[in-house]
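J.: This is run.txt, which holds compact mmCIF, C-alpha atoms:
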```
# COMPACT_ATOMS: atom_id res chain seq x y z
CA GLY A 1 20.21 37.90 -28.30
CA ASN A 2 22.45 35.36 -26.53
CA GLY A 3 21.34 32.34 -28.57
CA PHE A 4 19.29 30.77 -25.72
CA PRO A 5 15.46 30.57 -25.63
CA GLN A 6 14.02 33.50 -23.74
CA PRO A 7 11.46 32.99 -20.93
CA GLN A 8 7.93 33.59 -22.13
CA ASP A 9 6.12 34.13 -18.80
CA ASP A 10 6.68 34.77 -15.09
CA ASP A 11 7.05 31.08 -14.23
CA GLU A 12 9.85 30.58 -16.74
CA ARG A 13 11.55 33.77 -15.57
CA LYS A 14 11.46 32.53 -11.98
CA CYS A 15 12.96 29.16 -12.85
CA GLY A 16 15.84 30.86 -14.66
CA VAL A 17 16.73 33.20 -11.79
CA CYS A 18 18.39 30.47 -9.72
CA GLY A 19 20.65 29.33 -12.53
CA PHE A 20 21.54 32.86 -13.62
CA SER A 21 22.37 33.97 -10.06
CA ALA A 22 24.64 30.99 -9.57
CA MET A 23 26.48 31.78 -12.82
CA VAL A 24 27.06 35.37 -11.66
CA LEU A 25 28.32 34.05 -8.31
CA ALA A 26 30.77 31.77 -10.08
CA ARG A 27 32.16 34.73 -12.09
CA GLU A 28 32.61 36.83 -8.95
CA HIS A 29 34.57 34.10 -7.12
CA ARG A 30 37.59 34.22 -9.40
CA GLY A 31 39.80 32.73 -6.71
CA LEU A 32 38.14 29.29 -6.94
CA THR A 33 40.33 26.44 -8.05
CA SER A 34 39.53 24.81 -11.37
CA PRO A 35 37.77 21.66 -9.99
CA ARG A 36 35.56 23.72 -7.68
CA ALA A 37 34.71 26.12 -10.49
CA PHE A 38 33.77 23.17 -12.70
CA VAL A 39 31.43 21.75 -10.04
CA LEU A 40 29.76 25.11 -9.47
CA THR A 41 29.27 25.59 -13.20
CA ALA A 42 27.71 22.15 -13.49
CA CYS A 43 25.32 23.04 -10.67
CA CYS A 44 24.34 26.20 -12.54
CA PHE A 45 23.28 24.31 -15.65
CA THR A 46 21.49 21.67 -13.54
CA ALA A 47 19.50 24.39 -11.80
CA VAL A 48 18.45 25.89 -15.13
CA ILE A 49 17.43 22.53 -16.58
CA MET A 50 15.48 21.51 -13.47
CA GLY A 51 13.75 24.88 -13.40
CA TYR A 52 12.50 24.50 -16.99
CA ASN A 53 11.38 20.93 -16.29
CA MET A 54 9.44 22.00 -13.20
CA TYR A 55 7.36 24.35 -15.31
CA SER A 56 6.95 22.17 -18.34
CA GLY A 57 3.19 22.11 -17.80
CA PRO A 58 0.68 20.11 -15.75
CA ASN A 59 -0.20 17.68 -18.54
CA SER A 60 3.29 16.51 -19.48
CA VAL A 61 3.71 13.70 -16.92
CA GLY A 62 0.63 13.42 -14.71
CA ASP A 63 -1.64 12.27 -17.50
CA GLU A 64 0.56 9.24 -18.15
CA ILE A 65 0.22 7.87 -14.58
CA ASP A 66 -2.40 5.12 -14.28
CA THR A 67 -4.15 5.45 -10.91
CA SER A 68 -6.97 3.00 -11.62
CA GLY A 69 -7.21 -0.41 -10.00
CA VAL A 70 -8.20 -2.00 -6.71
CA PHE A 71 -6.35 -1.77 -3.40
CA VAL A 72 -7.19 -4.13 -0.55
CA ILE A 73 -6.56 -3.38 3.14
CA LEU A 74 -6.69 -6.20 5.70
CA GLU A 75 -7.35 -4.28 8.89
CA LYS A 76 -6.67 -5.05 12.57
CA ALA A 77 -4.48 -8.05 11.85
CA HIS A 78 -3.03 -9.46 15.07
CA LEU A 79 0.46 -10.40 13.90
CA LYS A 80 3.02 -10.71 16.68
CA TYR A 81 6.02 -12.93 17.04
CA ALA A 82 8.00 -14.08 20.06
CA LYS A 83 10.74 -16.50 20.98
CA VAL A 84 9.00 -19.67 22.06
CA GLY A 85 11.47 -22.39 22.86
CA ARG A 86 14.55 -21.94 20.69
CA ARG A 87 13.16 -20.02 17.76
CA LEU A 88 11.08 -17.02 16.83
CA THR A 89 7.56 -17.87 15.80
CA LEU A 90 4.35 -16.08 14.85
CA LEU A 91 1.96 -16.44 17.75
CA ASN A 92 -1.38 -18.16 17.15
CA ALA A 93 -4.21 -19.35 19.37
CA GLN A 94 -3.85 -23.03 18.55
CA ASP A 95 -0.15 -23.57 19.20
CA HIS A 96 0.66 -20.92 21.78
CA ALA A 97 -2.41 -20.64 24.03
CA ASP A 98 -0.44 -21.50 27.19
CA TYR A 99 2.33 -19.04 26.36
CA LEU A 100 -0.19 -16.27 25.68
CA MET A 101 -2.15 -16.87 28.89
CA ARG A 102 1.09 -16.86 30.93
CA ASN A 103 1.77 -13.43 29.45
CA LYS A 104 -1.80 -12.27 30.18
CA GLU A 105 -2.83 -12.16 26.53
CA ASP A 106 -6.13 -13.34 25.08
CA PRO A 107 -5.38 -16.31 22.78
CA ALA A 108 -8.61 -15.72 20.84
CA LEU A 109 -7.13 -12.53 19.36
CA TYR A 110 -4.13 -14.26 17.79
CA ARG A 111 -5.52 -15.50 14.47
CA PRO A 112 -2.90 -15.15 11.70
CA ASP A 113 -4.80 -17.88 9.85
CA ILE A 114 -7.47 -15.27 9.04
CA VAL A 115 -4.85 -13.11 7.31
CA HIS A 116 -3.50 -16.15 5.47
CA GLN A 117 -6.90 -17.17 4.12
CA ALA A 118 -7.81 -13.59 3.16
CA LEU A 119 -4.52 -13.11 1.30
CA MET A 120 -5.04 -16.33 -0.63
CA SER A 121 -8.54 -15.17 -1.63
CA VAL A 122 -7.16 -11.92 -3.03
CA LEU A 123 -4.08 -13.26 -4.79
CA ASP A 124 -5.85 -16.30 -6.28
CA SER A 125 -8.75 -14.24 -7.65
CA PRO A 126 -9.27 -13.77 -11.41
CA LEU A 127 -9.33 -10.02 -10.72
CA ASN A 128 -5.72 -10.19 -9.52
CA LYS A 129 -4.64 -12.47 -12.35
CA ALA A 130 -6.12 -9.93 -14.77
CA GLY A 131 -3.85 -7.27 -13.28
CA LYS A 132 -6.59 -5.23 -11.61
CA ILE A 133 -5.30 -5.55 -8.02
CA ARG A 134 -2.73 -2.81 -7.41
CA GLY A 135 -1.64 -3.95 -3.96
CA VAL A 136 -2.62 -5.57 -0.67
CA TYR A 137 -1.87 -3.86 2.64
CA ILE A 138 -1.93 -5.63 6.00
CA HIS A 139 -2.51 -3.15 8.81
CA THR A 140 -1.62 -4.72 12.15
CA THR A 141 -2.77 -3.85 15.66
CA ASP A 142 0.81 -2.71 16.34
CA LYS A 143 0.45 -0.05 13.61
CA HIS A 144 2.74 -1.87 11.20
CA VAL A 145 1.81 -1.76 7.52
CA ILE A 146 2.91 -4.67 5.34
CA PHE A 147 2.66 -4.26 1.58
CA VAL A 148 2.10 -7.47 -0.40
CA ASP A 149 2.89 -7.32 -4.09
CA PRO A 150 0.05 -8.73 -6.24
CA HIS A 151 2.58 -10.99 -7.98
CA ALA A 152 3.78 -12.54 -4.73
CA ARG A 153 3.25 -16.27 -4.28
CA ILE A 154 2.17 -16.76 -0.68
CA PRO A 155 2.98 -20.20 0.84
CA ARG A 156 -0.01 -22.50 0.90
CA MET A 157 1.15 -24.16 4.10
CA PHE A 158 0.21 -22.16 7.19
CA ARG A 159 3.47 -22.78 9.05
CA ARG A 160 5.52 -21.55 6.12
CA PHE A 161 3.30 -18.47 5.91
CA CYS A 162 3.98 -17.75 9.60
CA GLY A 163 7.71 -17.98 8.95
CA LEU A 164 7.36 -15.55 6.06
CA ILE A 165 5.57 -12.96 8.21
CA VAL A 166 8.20 -13.25 10.94
CA GLU A 167 10.89 -12.64 8.32
CA VAL A 168 9.11 -9.52 7.06
CA LEU A 169 8.64 -8.10 10.55
CA GLN A 170 12.29 -8.77 11.41
CA ARG A 171 14.08 -7.88 8.19
CA MET A 172 11.64 -5.24 6.89
CA SER A 173 11.20 -7.01 3.55
CA VAL A 174 11.27 -10.30 1.65
CA ARG A 175 12.75 -10.37 -1.83
CA SER A 176 12.03 -12.53 -4.84
CA SER A 177 14.54 -15.29 -5.51
CA HIS A 178 14.65 -14.07 -9.13
CA GLY A 179 15.66 -10.46 -9.63
CA GLY A 180 15.59 -9.36 -6.01
CA LYS A 181 12.23 -7.54 -6.19
CA LYS A 182 10.65 -6.85 -2.80
CA LEU A 183 7.45 -8.90 -2.73
CA LEU A 184 6.57 -8.14 0.90
CA LYS A 185 7.84 -5.12 2.79
CA LEU A 186 7.10 -2.85 5.69
CA VAL A 187 5.96 0.58 4.54
CA ARG A 188 5.27 3.81 6.35
CA SER A 189 2.10 4.61 8.27
CA PRO A 190 -0.65 5.65 7.88
CA VAL A 191 -1.86 3.17 5.30
CA SER A 192 -4.03 5.87 3.67
CA SER A 193 -0.87 7.66 2.48
CA HIS A 194 -0.30 4.97 -0.15
CA PHE A 195 -3.47 5.62 -2.15
CA PRO A 196 -4.40 8.31 -4.67
CA ILE A 197 -5.91 11.40 -3.08
CA GLY A 198 -9.70 11.47 -3.11
CA CYS A 199 -10.17 7.83 -4.12
CA ARG A 200 -13.30 5.91 -3.17
CA ARG A 201 -12.90 3.81 -0.01
CA ILE A 202 -15.37 1.21 1.22
CA ALA A 203 -15.23 -0.44 4.64
CA PHE A 204 -17.10 -3.75 4.88
CA SER A 205 -18.73 -4.85 8.11
CA HIS A 206 -21.77 -6.82 9.21
CA SER A 207 -22.43 -3.94 11.64
CA ALA A 208 -22.83 -1.40 8.82
CA GLY A 209 -26.62 -1.77 8.69
CA ASN A 210 -28.96 -3.29 6.13
CA ALA A 211 -27.33 -5.71 3.72
CA THR A 212 -26.68 -4.45 0.21
CA ASP A 213 -26.31 -6.51 -2.94
CA PHE A 214 -22.76 -5.60 -3.85
CA HIS A 215 -23.24 -6.70 -7.44
CA ASP A 216 -25.80 -3.90 -7.89
CA TYR A 217 -23.62 -1.49 -5.94
CA ALA A 218 -20.62 -2.27 -8.16
CA GLN A 219 -22.49 -0.98 -11.21
CA GLN A 220 -22.08 2.55 -9.81
CA ILE A 221 -18.29 2.21 -9.62
CA ASP A 222 -16.26 3.89 -12.34
CA PRO A 223 -13.68 1.33 -13.60
CA SER A 224 -11.23 4.12 -14.44
CA GLU A 225 -11.06 5.35 -10.84
CA PRO A 226 -9.05 3.77 -7.99
CA LEU A 227 -10.98 1.80 -5.38
CA VAL A 228 -9.90 0.87 -1.85
CA LEU A 229 -11.55 -2.10 -0.12
CA ILE A 230 -11.24 -2.33 3.67
CA VAL A 231 -11.91 -5.75 5.23
CA GLY A 232 -11.35 -6.81 8.81
CA ALA A 233 -8.76 -9.55 9.38
CA MET A 234 -9.51 -10.18 13.06
CA ALA A 235 -11.59 -12.70 14.97
CA HIS A 236 -13.77 -10.17 16.81
CA GLY A 237 -14.83 -6.57 16.28
CA ASN A 238 -15.37 -4.45 13.18
CA VAL A 239 -13.53 -1.86 11.15
CA LEU A 240 -16.11 0.92 11.36
CA ASP A 241 -14.40 2.54 14.34
CA LEU A 242 -11.37 3.16 12.10
CA ILE A 243 -13.16 5.38 9.59
CA GLY A 244 -14.79 7.69 12.15
CA GLY A 245 -16.02 10.83 10.42
CA ASP A 246 -14.10 10.21 7.21
CA VAL A 247 -16.42 11.57 4.52
CA LEU A 248 -14.43 9.85 1.77
CA CYS A 249 -15.03 6.40 3.24
CA SER A 250 -18.39 4.65 3.12
CA SER A 251 -19.45 1.58 5.10
CA LEU A 252 -21.27 -1.38 3.62
CA SER A 253 -22.74 -4.70 4.69
CA ILE A 254 -22.94 -7.29 1.91
CA SER A 255 -24.80 -10.05 3.75
CA LYS A 256 -27.33 -10.42 6.52
CA TYR A 257 -24.99 -13.04 8.01
CA PRO A 258 -21.53 -12.49 9.49
CA LEU A 259 -18.91 -13.61 6.96
CA SER A 260 -15.30 -14.59 7.32
CA ALA A 261 -12.75 -12.28 5.73
CA ALA A 262 -12.00 -14.82 2.98
CA CYS A 263 -15.68 -15.33 2.17
CA ALA A 264 -16.38 -11.58 2.10
CA ILE A 265 -13.41 -10.94 -0.17
CA SER A 266 -14.52 -13.67 -2.58
CA ARG A 267 -17.98 -12.14 -2.80
CA ILE A 268 -16.67 -8.57 -3.23
CA LEU A 269 -14.06 -9.41 -5.86
CA GLY A 270 -16.53 -11.66 -7.69
CA SER A 271 -18.92 -8.72 -8.12
CA LEU A 272 -16.09 -6.49 -9.33
CA GLU A 273 -15.02 -9.14 -11.81
CA ARG A 274 -18.51 -9.17 -13.32
CA ARG A 275 -18.52 -5.35 -13.37
CA LEU A 276 -15.17 -5.22 -15.18
CA GLY A 277 -15.89 -8.16 -17.46
CA VAL A 278 -13.18 -10.41 -15.99
CA LEU A 279 -14.07 -14.07 -16.52
```
Output the file's structure in the form of structure tokens.
T.:
Amino acid sequence: GNGFPQPQDDDERKCGVCGFSAMVLAREHRGLTSPRAFVLTACCFTAVIMGYNMYSGPNSVGDEIDTSGVFVILEKAHLKYAKVGRRLTLLNAQDHADYLMRNKEDPALYRPDIVHQALMSVLDSPLNKAGKIRGVYIHTTDKHVIFVDPHARIPRMFRRFCGLIVEVLQRMSVRSSHGGKKLLKLVRSPVSSHFPIGCRRIAFSHSAGNATDFHDYAQQIDPSEPLVLIVGAMAHGNVLDLIGGDVLCSSLSISKYPLSAACAISRILGSLERRLGVL
């Protein structure tokens, strides 16, 4: 009878209680000055509007969100920087072996070139150019998570790549020169928090058992569902110890021979390209 739509069910009644109570409170506090009364009144209407929006129905927004696509995780990346000489540099086994041994570190573990090659394999793939890669995440041994935008252009020269990683670790992000979009940035841990709940995750390792033809395996993958690919980006070890008893993550070996990260990624993405019809 007041000209406003009446709540039709319990949910709508609940969402209107907050706004109505605030309006009553505003009437009772007659001593409020005009600006304060105006702010409180505005809050009342905001509460009512937000309440109706919260109960607008489960299919109003969620159905429009596209959760399909491929996510790639480069696990156990050994990315550390230090001041060697007069400048900060990303440590690697070839250039900083003496420095690492003086600090009682194993130079064989410091292989940022593996990350560089793996990133180039992902970003240069037809699958990425077709817009199917949703993001690349580098998970370091220091528990840092670096997000790499699929549209980022990674330097081809290794030294420039090292400088880029140092900049990300220091400044938290690297922006595009056009528009200021963050192309690389540090994001929160754990890395699993950045993927849709319940998505299929596959960890690739030579230690996973009998080799499987991933082209045949890819035929079972639903193209409309999100897929997370976990590949090791280290010189030694495997990623199977990271998944533990995770029932949502399966392990897979795609060759009877040990493969480099870049080679494994090329084989995996090539099979997905054939599955999705990307030429």
J.: Please write as a list of chain:residue names the list of polymer residues whose atoms come within 7 Å of (-5.9, -6.0, 4.6), counting all atoms listed in the file and keeping to the coordinates of the file.
T.: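 These residues have at least one counted atom within 7 Å: A:Val72, A:Ile73, A:Leu74, A:Glu75, A:Val136, A:Tyr137, A:Ile138, A:His139, A:Ile230, A:Val231, A:Gly232, A:Ala233.
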J.: Could you jot down the CA of Asp113 in chain A to CA of Val239 in chain A separation for me, Å, one decimal place?
T.: 18.3 Å
J.: With all atoms listed in the file as the basis for distance, which of A:His215, A:His96, A:Lys129, A:Arg134 is at the shortest distance from His194 in chain A?
T.: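 With all atoms listed in the file as the atom set, the closest residue is A:Arg134.
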J.: Quick one: distance from CA of Ser253 in chain A to CA of Asn238 in chain A in Å, one decimal?
T.: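 Atom-to-atom, CA of Ser253 in chain A to CA of Asn238 in chain A, that is 11.2 Å.
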J.: Please provide as a list of chain:residue names all residues within 9 Å of Pro223 in chain A, with the sequence filter that same-chain residues fewer than 3 positions apart are discarded (counting only C-alpha atoms).
T.: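 The contact residues come out as A:Ser68, A:Gly69, A:Pro226, A:Leu227, A:Arg275, A:Leu276.
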J.: Which residue is closest to Thr212 in chain A? Choose from A:Leu169, A:Met234, A:Leu127, A:Ile268 and count only C-alpha atoms.
T.: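 Smallest separation from Thr212 in chain A among the options: A:Ile268.
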J.: Name the closest residue to Ala203 in chain A among the candidates A:Ile265, A:Val228, A:Ile221, A:Val174; distances are taken between atoms, counting only C-alpha atoms.
T.: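 Among A:Ile265, A:Val228, A:Ile221, A:Val174, it is A:Val228 that comes nearest to Ala203 in chain A.
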J.: So which residues touch range 180-193 of chain A within 6 Å, counting all atoms listed in the file, skipping near sequence neighbours fewer than 3 positions away, as a PyMOL selection string?
T.: chain A and resi 145-149+152+172-176
J.: Between A:Arg267, A:His178, A:Arg201, A:Lys80, which residue has the minimum interatomic distance to Val122 in chain A, considering all atoms listed in the file?
T.: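 Closest residue, counting all atoms listed in the file: A:Arg267.
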J.: So, with all atoms listed in the file as the atoms that count, which of A:Ile254, A:Leu90, A:Leu123, A:Ala235 lies closest to Ser271 in chain A?
T.: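 Ranked by minimum distance to Ser271 in chain A, first place goes to A:Ile254.
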J.: Using only C-alpha atoms, which of A:Leu100, A:Ile202, A:Val84, A:Ile114 sits nearest Leu240 in chain A?
T.: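 Of A:Leu100, A:Ile202, A:Val84, A:Ile114, the one nearest Leu240 in chain A, counting only C-alpha atoms, is A:Ile202.
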J.: I'd like the interatomic distance between CA of Ala93 in chain A and CA of Ser266 in chain A, to a tenth of an Å.
T.: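 Result for CA of Ala93 in chain A versus CA of Ser266 in chain A: 24.9 Å, one decimal.
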J.: Using only C-alpha atoms, which residues sit within 7 Å of Thr141 in chain A once same-chain residues fewer than 6 positions away are excluded, as number ranges by chain?
T.: A: 76-78
J.: Go ahead and dump the residues you just picked, C-alpha atoms, as a CSV table (one decimal), in the frame of the given file.
T.:
```
chain,number,residue,atom,x,y,z
A,76,LYS,CA,-6.7,-5.0,12.6
A,77,ALA,CA,-4.5,-8.0,11.8
A,78,HIS,CA,-3.0,-9.5,15.1
```
J.: Can you tell me, as a compact mmCIF listing (two decimals) with C-alpha atoms, in the frame of the given file, what residues are no more than 10 Å from Leu279 in chain A when counting all atoms listed in the file, ignoring any on the same chain fewer than 2 positions away?
T.:
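part-v2.txt was written with the following content:
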```
# COMPACT_ATOMS: atom_id res chain seq x y z
CA PRO A 126 -9.27 -13.77 -11.41
CA LEU A 127 -9.33 -10.02 -10.72
CA ALA A 130 -6.12 -9.93 -14.77
CA GLY A 270 -16.53 -11.66 -7.69
CA GLU A 273 -15.02 -9.14 -11.81
CA ARG A 274 -18.51 -9.17 -13.32
CA LEU A 276 -15.17 -5.22 -15.18
CA GLY A 277 -15.89 -8.16 -17.46
```
